[in-house]
>>> print(open('target_12.json').read())   # JSON, C-alpha atoms
[["chain", "number", "residue", "atom", "x", "y", "z"],
["A", 1, "MET", "CA", -84.32, -59.77, 11.11],
["A", 2, "PRO", "CA", -81.87, -56.86, 10.80],
["A", 3, "MET", "CA", -78.40, -57.53, 9.44],
["A", 4, "SER", "CA", -75.39, -56.91, 11.61],
["A", 5, "GLN", "CA", -73.27, -53.97, 10.55],
["A", 6, "PRO", "CA", -70.25, -56.02, 9.35],
["A", 7, "ILE", "CA", -72.45, -58.26, 7.19],
["A", 8, "CYS", "CA", -74.25, -55.22, 5.76],
["A", 9, "VAL", "CA", -70.91, -53.57, 4.95],
["A", 10, "ILE", "CA", -69.63, -56.73, 3.25],
["A", 11, "ARG", "CA", -72.83, -57.14, 1.22],
["A", 12, "CYS", "CA", -72.83, -53.47, 0.20],
["A", 13, "ALA", "CA", -69.16, -53.60, -0.79],
["A", 14, "ALA", "CA", -69.68, -56.78, -2.82],
["A", 15, "MET", "CA", -72.67, -55.25, -4.56],
["A", 16, "ALA", "CA", -70.76, -52.05, -5.35],
["A", 17, "LEU", "CA", -67.85, -54.07, -6.73],
["A", 18, "ALA", "CA", -70.16, -56.19, -8.88],
["A", 19, "VAL", "CA", -71.92, -53.12, -10.25],
["A", 20, "SER", "CA", -68.66, -51.31, -10.98],
["A", 21, "LEU", "CA", -67.21, -54.37, -12.72],
["A", 22, "GLY", "CA", -70.38, -54.74, -14.74],
["A", 23, "ALA", "CA", -70.40, -51.06, -15.72],
["A", 24, "GLY", "CA", -66.75, -51.16, -16.78],
["A", 25, "ALA", "CA", -67.20, -54.26, -18.87],
["A", 26, "SER", "CA", -70.31, -52.98, -20.61],
["A", 27, "ALA", "CA", -68.57, -49.68, -21.40],
["A", 28, "GLU", "CA", -65.98, -51.70, -23.31],
["A", 29, "GLY", "CA", -68.69, -53.55, -25.24],
["A", 30, "VAL", "CA", -68.30, -56.82, -23.34],
["A", 31, "LYS", "CA", -71.43, -58.36, -21.89],
["A", 32, "ALA", "CA", -71.08, -58.31, -18.10],
["A", 33, "GLU", "CA", -72.72, -60.73, -15.73],
["A", 34, "ILE", "CA", -73.21, -59.35, -12.24],
["A", 35, "ILE", "CA", -72.56, -62.01, -9.63],
["A", 36, "THR", "CA", -73.69, -61.33, -6.09],
["A", 37, "PRO", "CA", -72.67, -63.52, -3.19],
["A", 38, "ASP", "CA", -75.30, -65.96, -1.96],
["A", 39, "PRO", "CA", -74.60, -66.65, 1.71],
["A", 40, "LEU", "CA", -77.41, -69.21, 2.08],
["A", 41, "ALA", "CA", -76.24, -71.25, -0.91],
["A", 42, "ALA", "CA", -72.68, -71.07, 0.41],
["A", 43, "GLN", "CA", -73.79, -72.21, 3.86],
["A", 44, "VAL", "CA", -75.71, -75.17, 2.41],
["A", 45, "ALA", "CA", -72.81, -76.06, 0.11],
["A", 46, "HIS", "CA", -70.33, -75.92, 3.01],
["A", 47, "GLY", "CA", -72.33, -77.74, 5.69],
["A", 48, "GLY", "CA", -74.97, -79.60, 3.70],
["A", 49, "LYS", "CA", -77.75, -77.89, 5.66],
["A", 50, "ALA", "CA", -78.77, -74.42, 6.80],
["A", 51, "ARG", "CA", -81.28, -72.99, 9.25],
["A", 52, "VAL", "CA", -83.54, -70.43, 7.63],
["A", 53, "ILE", "CA", -86.52, -68.26, 8.47],
["A", 54, "VAL", "CA", -89.16, -68.26, 5.74],
["A", 55, "LEU", "CA", -91.74, -65.47, 5.58],
["A", 56, "LEU", "CA", -94.76, -66.56, 3.61],
["A", 57, "ASN", "CA", -96.54, -64.35, 1.11],
["A", 58, "THR", "CA", -99.67, -64.22, 3.26],
["A", 59, "PRO", "CA", -101.29, -60.99, 4.46],
["A", 60, "PHE", "CA", -101.42, -60.40, 8.19],
["A", 61, "VAL", "CA", -101.69, -57.55, 10.66],
["A", 62, "PRO", "CA", -100.50, -57.31, 14.26],
["A", 63, "GLU", "CA", -102.95, -59.15, 16.48],
["A", 64, "GLY", "CA", -103.22, -56.19, 18.85],
["A", 65, "THR", "CA", -105.21, -54.37, 16.18],
["A", 66, "LEU", "CA", -107.71, -57.25, 15.77],
["A", 67, "SER", "CA", -110.73, -58.43, 17.72],
["A", 68, "PRO", "CA", -110.33, -61.86, 19.34],
["A", 69, "ALA", "CA", -112.48, -63.44, 16.61],
["A", 70, "ALA", "CA", -110.49, -61.76, 13.82],
["A", 71, "ALA", "CA", -107.21, -62.80, 15.48],
["A", 72, "ALA", "CA", -108.40, -66.42, 15.62],
["A", 73, "GLN", "CA", -109.43, -66.24, 11.97],
["A", 74, "GLN", "CA", -106.02, -64.81, 11.02],
["A", 75, "ARG", "CA", -104.21, -67.56, 12.96],
["A", 76, "ALA", "CA", -106.24, -70.19, 11.08],
["A", 77, "ALA", "CA", -105.32, -68.57, 7.74],
["A", 78, "ILE", "CA", -101.63, -68.50, 8.74],
["A", 79, "ALA", "CA", -101.74, -72.19, 9.76],
["A", 80, "ALA", "CA", -103.38, -73.08, 6.43],
["A", 81, "ALA", "CA", -100.72, -71.14, 4.49],
["A", 82, "GLN", "CA", -97.97, -72.89, 6.46],
["A", 83, "ASP", "CA", -99.55, -76.30, 5.81],
["A", 84, "ALA", "CA", -99.73, -75.59, 2.06],
["A", 85, "PHE", "CA", -96.11, -74.40, 2.00],
["A", 86, "VAL", "CA", -94.85, -77.46, 3.89],
["A", 87, "ALA", "CA", -96.80, -79.79, 1.58],
["A", 88, "GLU", "CA", -95.44, -78.05, -1.53],
["A", 89, "VAL", "CA", -91.83, -77.40, -0.54],
["A", 90, "VAL", "CA", -90.72, -79.45, 2.47],
["A", 91, "LYS", "CA", -92.67, -82.72, 2.46],
["A", 92, "GLY", "CA", -90.65, -85.62, 1.07],
["A", 93, "SER", "CA", -87.34, -83.78, 1.35],
["A", 94, "ALA", "CA", -84.43, -84.16, 3.75],
["A", 95, "SER", "CA", -85.43, -80.81, 5.29],
["A", 96, "GLN", "CA", -87.48, -80.34, 8.42],
["A", 97, "VAL", "CA", -89.68, -77.74, 10.07],
["A", 98, "LEU", "CA", -88.17, -76.61, 13.36],
["A", 99, "ASN", "CA", -90.75, -74.00, 14.38],
["A", 100, "ARG", "CA", -94.06, -72.62, 13.13],
["A", 101, "PHE", "CA", -95.25, -69.25, 14.36],
["A", 102, "SER", "CA", -98.99, -68.93, 14.97],
["A", 103, "TRP", "CA", -99.18, -65.12, 14.93],
["A", 104, "THR", "CA", -97.03, -64.40, 11.86],
["A", 105, "PRO", "CA", -96.79, -66.32, 8.57],
["A", 106, "SER", "CA", -93.26, -67.52, 9.25],
["A", 107, "LEU", "CA", -91.48, -70.82, 9.81],
["A", 108, "VAL", "CA", -88.00, -71.87, 10.85],
["A", 109, "LEU", "CA", -86.57, -74.72, 8.77],
["A", 110, "GLU", "CA", -83.41, -76.75, 8.51],
["A", 111, "ILE", "CA", -82.94, -77.15, 4.77],
["A", 112, "ASP", "CA", -80.73, -78.77, 2.16],
["A", 113, "ALA", "CA", -79.78, -77.33, -1.26],
["A", 114, "PRO", "CA", -82.76, -78.74, -3.24],
["A", 115, "THR", "CA", -85.20, -77.33, -0.68],
["A", 116, "LEU", "CA", -83.49, -73.92, -0.85],
["A", 117, "GLU", "CA", -84.12, -73.87, -4.60],
["A", 118, "ARG", "CA", -87.77, -74.88, -4.12],
["A", 119, "ILE", "CA", -88.19, -72.13, -1.52],
["A", 120, "ARG", "CA", -86.77, -69.54, -3.89],
["A", 121, "ARG", "CA", -89.06, -70.66, -6.73],
["A", 122, "SER", "CA", -92.21, -70.85, -4.59],
["A", 123, "LYS", "CA", -94.81, -68.12, -5.08],
["A", 124, "ARG", "CA", -95.89, -68.78, -1.50],
["A", 125, "VAL", "CA", -92.63, -67.26, -0.17],
["A", 126, "LYS", "CA", -92.15, -63.55, 0.41],
["A", 127, "ALA", "CA", -88.63, -63.76, 1.89],
["A", 128, "VAL", "CA", -86.04, -66.22, 3.16],
["A", 129, "GLU", "CA", -83.00, -65.48, 5.28],
["A", 130, "ALA", "CA", -80.48, -67.29, 7.43],
["A", 131, "ASP", "CA", -81.54, -67.96, 11.01],
["A", 132, "GLN", "CA", -78.60, -66.67, 12.94],
["A", 133, "LEU", "CA", -77.79, -65.18, 16.28],
["A", 134, "MET", "CA", -77.57, -61.42, 16.21],
["A", 135, "GLN", "CA", -75.55, -59.38, 18.64],
["A", 136, "PRO", "CA", -77.66, -57.13, 20.81],
["A", 137, "MET", "CA", -77.16, -53.41, 20.43],
["A", 138, "ALA", "CA", -74.92, -51.76, 22.97],
["A", 139, "PRO", "CA", -76.91, -49.66, 25.46],
["A", 140, "ALA", "CA", -75.05, -46.57, 24.25],
["A", 141, "ALA", "CA", -76.40, -47.15, 20.72],
["A", 142, "LEU", "CA", -80.02, -47.07, 21.88],
["A", 143, "PRO", "CA", -81.96, -43.78, 21.81],
["A", 144, "ALA", "CA", -82.18, -41.97, 25.11],
["A", 145, "ALA", "CA", -85.41, -42.38, 27.05],
["A", 146, "PRO", "CA", -87.59, -39.28, 27.11],
["A", 147, "GLN", "CA", -87.35, -37.41, 30.39]]
>>> encode(input="target_12.json", output="structure tokens")
Amino acid sequence: MPMSQPICVIRCAAMALAVSLGAGASAEGVKAEIITPDPLAAQVAHGGKARVIVLLNTPFVPEGTLSPAAAAQQRAAIAAAQDAFVAEVVKGSASQVLNRFSWTPSLVLEIDAPTLERIRRSKRVKAVEADQLMQPMAPAALPAAPQ
């Protein structure tokens, strides 16, 4: 899911500040620790829970490029990967699965802090990000249609 421009600017500025602080400190011979903001951890700490989208580390291709039999086989592999992830990371926690996608190895979860840590340590996970509403692009920002 693409980041909105203000969030991207804030993340880039924070990263640049952390790098410049780290470079300055190391130039003076002081060991620098670069600290980057963690919006998911902050959201969980503030509200106790967060909605996230988890992309599993499972190969897949767009179904439009597959035969019906291959698409069905891929969907079964995705479901098996999701089942294994839920059993390893979510089962027995205060977190819950809100949505499972059949055509992509992704899930939407509502998680607590311990589950966030398990997600980040899991080798089954390729990426995790906050599930948030994004503003649509203004029509003027879209490329012009070919004439």
>>> closest_residue(input="target_12.json", among="A:Leu142, A:Leu98, A:Ala70, A:Val89", to="A:Ile119", atoms="all atoms listed in the file")
A:Val89
>>> residues_around(input="target_12.json", residues="A:Thr115", least_positions_apart="5", cutoff="12 Å", atoms="all atoms listed in the file", output="number ranges by chain")
A: 40-41, 44, 48-52, 54, 85-86, 88-97, 109-110, 120-122, 128
>>> atom_distance(input="target_12.json", atom1="atom CA of A:Pro59", atom2="atom CA of A:Lys126")
10.3 Å
>>> closest_residue(input="target_12.json", among="A:Arg124, A:Met134, A:Arg118, A:Ala144", to="A:Ser106", atoms="only C-alpha atoms")
A:Arg124
>>> atom_distance(input="target_12.json", atom1="atom CA of A:Ile53", atom2="atom CA of A:Gln135")
17.4 Å
>>> closest_residue(input="target_12.json", among="A:Ile111, A:Ala45, A:Val61, A:Ala87", to="A:Arg75", atoms="only C-alpha atoms")
A:Val61
